[in-house]
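Worksheet: one structure, shown below.
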Amino acid sequence: MSGASTASSGDHNNLRLPTPTLDAEFQSLLQSISAQGGYAYARMAALAVAGDQSAAEAARDMAWEQLHSGPWHSVLPVWRDAYSMACLHVAKIHFADGEFGEALGALDMGLIMGGMLLRKDLHDSVLLVSSEARKKTKSLEEASGEFKGEKLVPEVPVDLNEVRHGFANLQVLVLKILPCRSLTCRRVEKRSGLSLEGFLRDYFLSGTPVVITNSMAHWPARTKWNHLDYLNAVAGNRTVPVEVGKNYLCSDWKQELVTFSKFLERIRTNKSSPMEPTYLAQHPLFDQINELRDDICIPDYCFVGGGELQSLNAWFGPAGTVTPLHHDPHHNILAQVVGKKYIRLYPSSLQDELYPYSETMLCNSSQVDLDNIDKTEFPKATELEFMDCILEEGEMLYIPPKWWHYVRSLTMSFSVSFWWSNETDPSSS
């Protein structure tokens with residue numbers, strides 16, 4: 001192969017990112033951007049093609065301003081593609097200079113914030129830059145072999161003589177941090193190796209939650225994701241959006257963009273405080289990082305009833321992270337890969353008693369703070385019946401559409417949610 005299309009590890013001057021879609025669509029995309037008033041962007045983009053770093057960064061800043069000119073749904077798709085294009089140009093320049101971390105950062109921003117037109121170029125570029133970066137550091141193959149480094153959730157040796165006493169103490173400790181009345185009402189049923197027929201008949205059609213055990217042992221993630229060395233090797237240089245603060249309903253809640261390695265360091269060293277935890281929440285991480293996507297499998301349950309997968313999201317953070325009481329429009333399987341979580345569920349029929357917000361953006365969230373219920377303001381919520389469970393490592397929880405649920409991490413936790421719907425769902429219309 002020629003040096004024009006491949007990356008040479010010997011000479012940074014030969015490093016080049018192939019972008020066939022960008023090359024083919026460049027002129028037509030510039031015309032579309034200019035038609036929306038982006039003449040200055042088009043001039044900068046033309047200079048960026050020639051390797052002008054300042055112009056490439058200026059074009060990216062212009063597109064970024066357009067992405068933040070109003071509500072996300074009102075942003076014209078052409079400006080999302082313009083942002084992807086600018087990120088590719090910035091990444092090309094950094095890559096040619098051997099600045100692999102900066103190149104990956106630009107590509108990740110294109111994947112997170114950009115449009116769909118240039119997505120394959122972005123993904124392919126990530127693979128190439130990551131490959132070159134690993135030549136300078138510990139290889140993925142080395143990190144994927146014998147795991148001897150630090151674990152997210154350490155294995156604790158079991159003394160059989162202390163199990164009963166320890167279990168009782170653990171229950172007391174857990175109950176102290178959980179909402180009032182936790183684990184006193186109906187527990188979510190647990191089924192081992194539940195058949196598709198049984199899932200459809202007993203839970204899916206009736207809209208009943210269930211915990212499914214012994215269905216994830218074959219996932220590579222079950223052994224890999226508890227190892228910091230592996231996660232750092234696969235994703236350490238990648239940029240991800242994280243939430244900082246108690247939860248999205250709090251006034252001090254905010255979002256940040258950090259490298260995955262910085263995020264791991266925060267949660268590992270407890271720099272993510274209980275009052276202001278850092279949480280990678282509801283992020284399509286597996287669309288962004290293919291190596292992690294290869295570590296999981298879509299459960300067959302997600303195709304019951306002719307289902308179609310809607311989204312695949314990661315939930316990763318320290319003990320104490322909380323997702324407040326809310327409901328989602330789709331069928332949901334929450335797979336617990338590392339650690340454990342407490343989940344409380346209320347049926348959709350109790351919506352009025354759970355006082356949803358009236359604002360459109362928050363209408364699927366409850367005003368009731370289960371960790372500190374205001375009995376005067378929300379009297380109907382105090383004595384409601386609910387279902388709950390502690391979702392253990394290696395278990396999946398099926399949450400039917402519109403069921404209200406509250407989630408609290410009891411340990412360091414890494415979960416995956418699978419949302420799906422089908423044509424017969426009112427929620428999918």
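As shown in the structure tokens, the chain order sets the letters A, B, ...; within each chain, residues go from 1, and ligands are also counted from 1 in the order they appear.
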Contacts of segment 37-45 of chain A within 12 Å, only C-alpha atoms, excl. fewer than 6 positions in-chain, as a PyMOL selection string: chain A and resi 22+26-31+51-66+76+78-79+82-90
Just write the chosen residues, N, CA and C atoms, as a short mmCIF file (atom, residue, chain, number, x, y, z; two decimals), in the first residue's frame.
data_model
loop_
_atom_site.label_atom_id
_atom_site.label_comp_id
_atom_site.auth_asym_id
_atom_site.auth_seq_id
_atom_site.Cartn_x
_atom_site.Cartn_y
_atom_site.Cartn_z
N LEU A 22 -15.64 11.77 3.28
CA LEU A 22 -15.39 13.21 3.29
C LEU A 22 -14.86 13.68 1.94
N PHE A 26 -17.18 16.35 0.04
CA PHE A 26 -16.67 17.63 0.50
C PHE A 26 -17.32 18.82 -0.20
N GLN A 27 -17.32 18.82 -1.54
CA GLN A 27 -17.84 19.98 -2.28
C GLN A 27 -19.33 20.15 -2.08
N SER A 28 -20.08 19.07 -2.15
CA SER A 28 -21.54 19.20 -1.99
C SER A 28 -21.90 19.63 -0.57
N LEU A 29 -21.13 19.15 0.41
CA LEU A 29 -21.39 19.55 1.79
C LEU A 29 -21.07 21.03 1.99
N LEU A 30 -19.99 21.52 1.40
CA LEU A 30 -19.66 22.94 1.50
C LEU A 30 -20.75 23.80 0.86
N GLN A 31 -21.31 23.32 -0.25
CA GLN A 31 -22.39 24.07 -0.90
C GLN A 31 -23.62 24.15 0.00
N GLY A 51 -4.10 21.76 5.23
CA GLY A 51 -3.28 21.52 6.41
C GLY A 51 -3.15 22.70 7.34
N ASP A 52 -3.98 23.72 7.17
CA ASP A 52 -3.93 24.91 8.02
C ASP A 52 -4.66 24.60 9.33
N GLN A 53 -3.90 24.40 10.40
CA GLN A 53 -4.49 24.02 11.68
C GLN A 53 -5.38 25.11 12.25
N SER A 54 -4.96 26.36 12.16
CA SER A 54 -5.76 27.46 12.68
C SER A 54 -7.10 27.54 11.97
N ALA A 55 -7.09 27.33 10.67
CA ALA A 55 -8.34 27.36 9.90
C ALA A 55 -9.24 26.20 10.29
N ALA A 56 -8.64 25.02 10.49
CA ALA A 56 -9.43 23.84 10.87
C ALA A 56 -10.10 24.07 12.22
N GLU A 57 -9.36 24.63 13.16
CA GLU A 57 -9.93 24.89 14.48
C GLU A 57 -10.97 25.99 14.43
N ALA A 58 -10.77 26.99 13.57
CA ALA A 58 -11.75 28.07 13.42
C ALA A 58 -13.06 27.52 12.85
N ALA A 59 -12.95 26.63 11.86
CA ALA A 59 -14.15 26.01 11.28
C ALA A 59 -14.89 25.20 12.33
N ARG A 60 -14.13 24.47 13.15
CA ARG A 60 -14.77 23.68 14.20
C ARG A 60 -15.49 24.59 15.19
N ASP A 61 -14.88 25.72 15.56
CA ASP A 61 -15.51 26.65 16.50
C ASP A 61 -16.80 27.24 15.90
N MET A 62 -16.78 27.53 14.60
CA MET A 62 -17.98 28.08 13.95
C MET A 62 -19.12 27.07 13.98
N ALA A 63 -18.81 25.83 13.66
CA ALA A 63 -19.83 24.79 13.68
C ALA A 63 -20.34 24.56 15.10
N TRP A 64 -19.44 24.60 16.07
CA TRP A 64 -19.82 24.43 17.48
C TRP A 64 -20.82 25.50 17.90
N GLU A 65 -20.59 26.74 17.47
CA GLU A 65 -21.53 27.81 17.79
C GLU A 65 -22.90 27.54 17.20
N GLN A 66 -22.95 26.99 16.01
CA GLN A 66 -24.23 26.67 15.39
C GLN A 66 -24.95 25.54 16.14
N LEU A 76 -29.91 22.51 12.45
CA LEU A 76 -29.99 21.93 11.11
C LEU A 76 -28.98 20.78 10.98
N VAL A 78 -27.23 19.83 8.59
CA VAL A 78 -26.02 20.16 7.84
C VAL A 78 -24.95 20.72 8.76
N TRP A 79 -25.33 21.39 9.87
CA TRP A 79 -24.33 21.92 10.79
C TRP A 79 -23.72 20.81 11.65
N ALA A 82 -21.24 19.50 9.34
CA ALA A 82 -20.13 20.47 9.28
C ALA A 82 -19.20 20.30 10.47
N TYR A 83 -19.77 20.04 11.63
CA TYR A 83 -18.94 19.83 12.81
C TYR A 83 -18.10 18.56 12.66
N SER A 84 -18.71 17.49 12.15
CA SER A 84 -17.96 16.25 11.90
C SER A 84 -16.81 16.51 10.94
N MET A 85 -17.08 17.25 9.88
CA MET A 85 -16.04 17.55 8.89
C MET A 85 -14.88 18.30 9.55
N ALA A 86 -15.18 19.31 10.34
CA ALA A 86 -14.13 20.09 10.98
C ALA A 86 -13.32 19.23 11.95
N CYS A 87 -14.02 18.33 12.68
CA CYS A 87 -13.30 17.45 13.60
C CYS A 87 -12.35 16.52 12.85
N LEU A 88 -12.78 16.05 11.69
CA LEU A 88 -11.90 15.21 10.88
C LEU A 88 -10.68 15.98 10.41
N HIS A 89 -10.87 17.22 9.99
CA HIS A 89 -9.74 18.03 9.55
C HIS A 89 -8.76 18.28 10.69
N VAL A 90 -9.28 18.61 11.87
CA VAL A 90 -8.40 18.82 13.03
C VAL A 90 -7.66 17.53 13.37
#
Could you pull the residues within 8 Å of segment 332-335 of chain A, counting only C-alpha atoms, minus those fewer than 3 positions along the same chain, as an mmCIF file with N, CA and C atoms, in the first residue's frame?
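Saved file selection.cif follows:
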data_model
loop_
_atom_site.group_PDB
_atom_site.id
_atom_site.type_symbol
_atom_site.label_atom_id
_atom_site.label_comp_id
_atom_site.auth_asym_id
_atom_site.auth_seq_id
_atom_site.Cartn_x
_atom_site.Cartn_y
_atom_site.Cartn_z
ATOM 1 N N CYS A 302 -34.751 -9.017 23.724
ATOM 2 C CA CYS A 302 -35.029 -7.729 23.093
ATOM 3 C C CYS A 302 -35.726 -7.871 21.744
ATOM 4 N N GLY A 394 -24.196 -9.785 36.924
ATOM 5 C CA GLY A 394 -24.564 -10.907 36.067
ATOM 6 C C GLY A 394 -26.059 -11.102 35.905
ATOM 7 N N GLU A 395 -26.868 -10.183 36.441
ATOM 8 C CA GLU A 395 -28.322 -10.285 36.322
ATOM 9 C C GLU A 395 -28.864 -9.186 35.408
ATOM 10 N N MET A 396 -30.048 -9.474 34.822
ATOM 11 C CA MET A 396 -30.749 -8.501 33.986
ATOM 12 C C MET A 396 -32.122 -8.219 34.582
ATOM 13 N N LEU A 397 -32.546 -6.965 34.502
ATOM 14 C CA LEU A 397 -33.883 -6.583 34.952
ATOM 15 C C LEU A 397 -34.701 -6.105 33.762
ATOM 16 N N TYR A 398 -35.880 -6.715 33.568
ATOM 17 C CA TYR A 398 -36.801 -6.236 32.545
ATOM 18 C C TYR A 398 -37.729 -5.192 33.161
ATOM 19 N N ILE A 399 -37.729 -3.975 32.566
ATOM 20 C CA ILE A 399 -38.596 -2.884 33.005
ATOM 21 C C ILE A 399 -39.576 -2.582 31.874
ATOM 22 N N PRO A 400 -40.854 -2.843 32.061
ATOM 23 C CA PRO A 400 -41.831 -2.578 30.992
ATOM 24 C C PRO A 400 -41.962 -1.081 30.708
ATOM 25 N N PRO A 401 -42.469 -0.720 29.519
ATOM 26 C CA PRO A 401 -42.653 0.697 29.187
ATOM 27 C C PRO A 401 -43.528 1.409 30.211
ATOM 28 N N SER A 415 -23.318 -0.769 34.050
ATOM 29 C CA SER A 415 -24.535 -1.404 33.546
ATOM 30 C C SER A 415 -24.740 -1.036 32.081
ATOM 31 N N VAL A 416 -25.556 -1.835 31.398
ATOM 32 C CA VAL A 416 -25.928 -1.577 30.010
ATOM 33 C C VAL A 416 -27.443 -1.647 29.908
ATOM 34 N N SER A 417 -28.055 -0.644 29.285
ATOM 35 C CA SER A 417 -29.499 -0.687 29.077
ATOM 36 C C SER A 417 -29.808 -0.890 27.601
ATOM 37 N N PHE A 418 -30.767 -1.767 27.340
ATOM 38 C CA PHE A 418 -31.227 -2.070 25.992
ATOM 39 C C PHE A 418 -32.689 -1.630 25.889
ATOM 40 N N TRP A 419 -32.960 -0.612 25.102
ATOM 41 C CA TRP A 419 -34.331 -0.165 24.869
ATOM 42 C C TRP A 419 -34.812 -0.733 23.549
ATOM 43 N N TRP A 420 -36.011 -1.292 23.560
ATOM 44 C CA TRP A 420 -36.582 -1.743 22.292
ATOM 45 C C TRP A 420 -38.084 -1.540 22.288
#
Can you list, as a PyMOL selection string, all residues belonging to segment 218-381 of chain A that DSSP tags as strand (DSSP E or B)? chain A and resi 227+239-244+254-259+273+276+278-283+308-317+322-326+331-338+341-346+356+365-366
Point-to-point distance from atom CA of Glu132 of chain A to atom CA of Leu280 of chain A, Å rounded to tenths: 26.8 Å
Residue nearest Leu410 of chain A - candidates A:Gly207, A:Pro356, A:Pro379, A:Gly317, atoms counted: only C-alpha atoms: A:Gly317
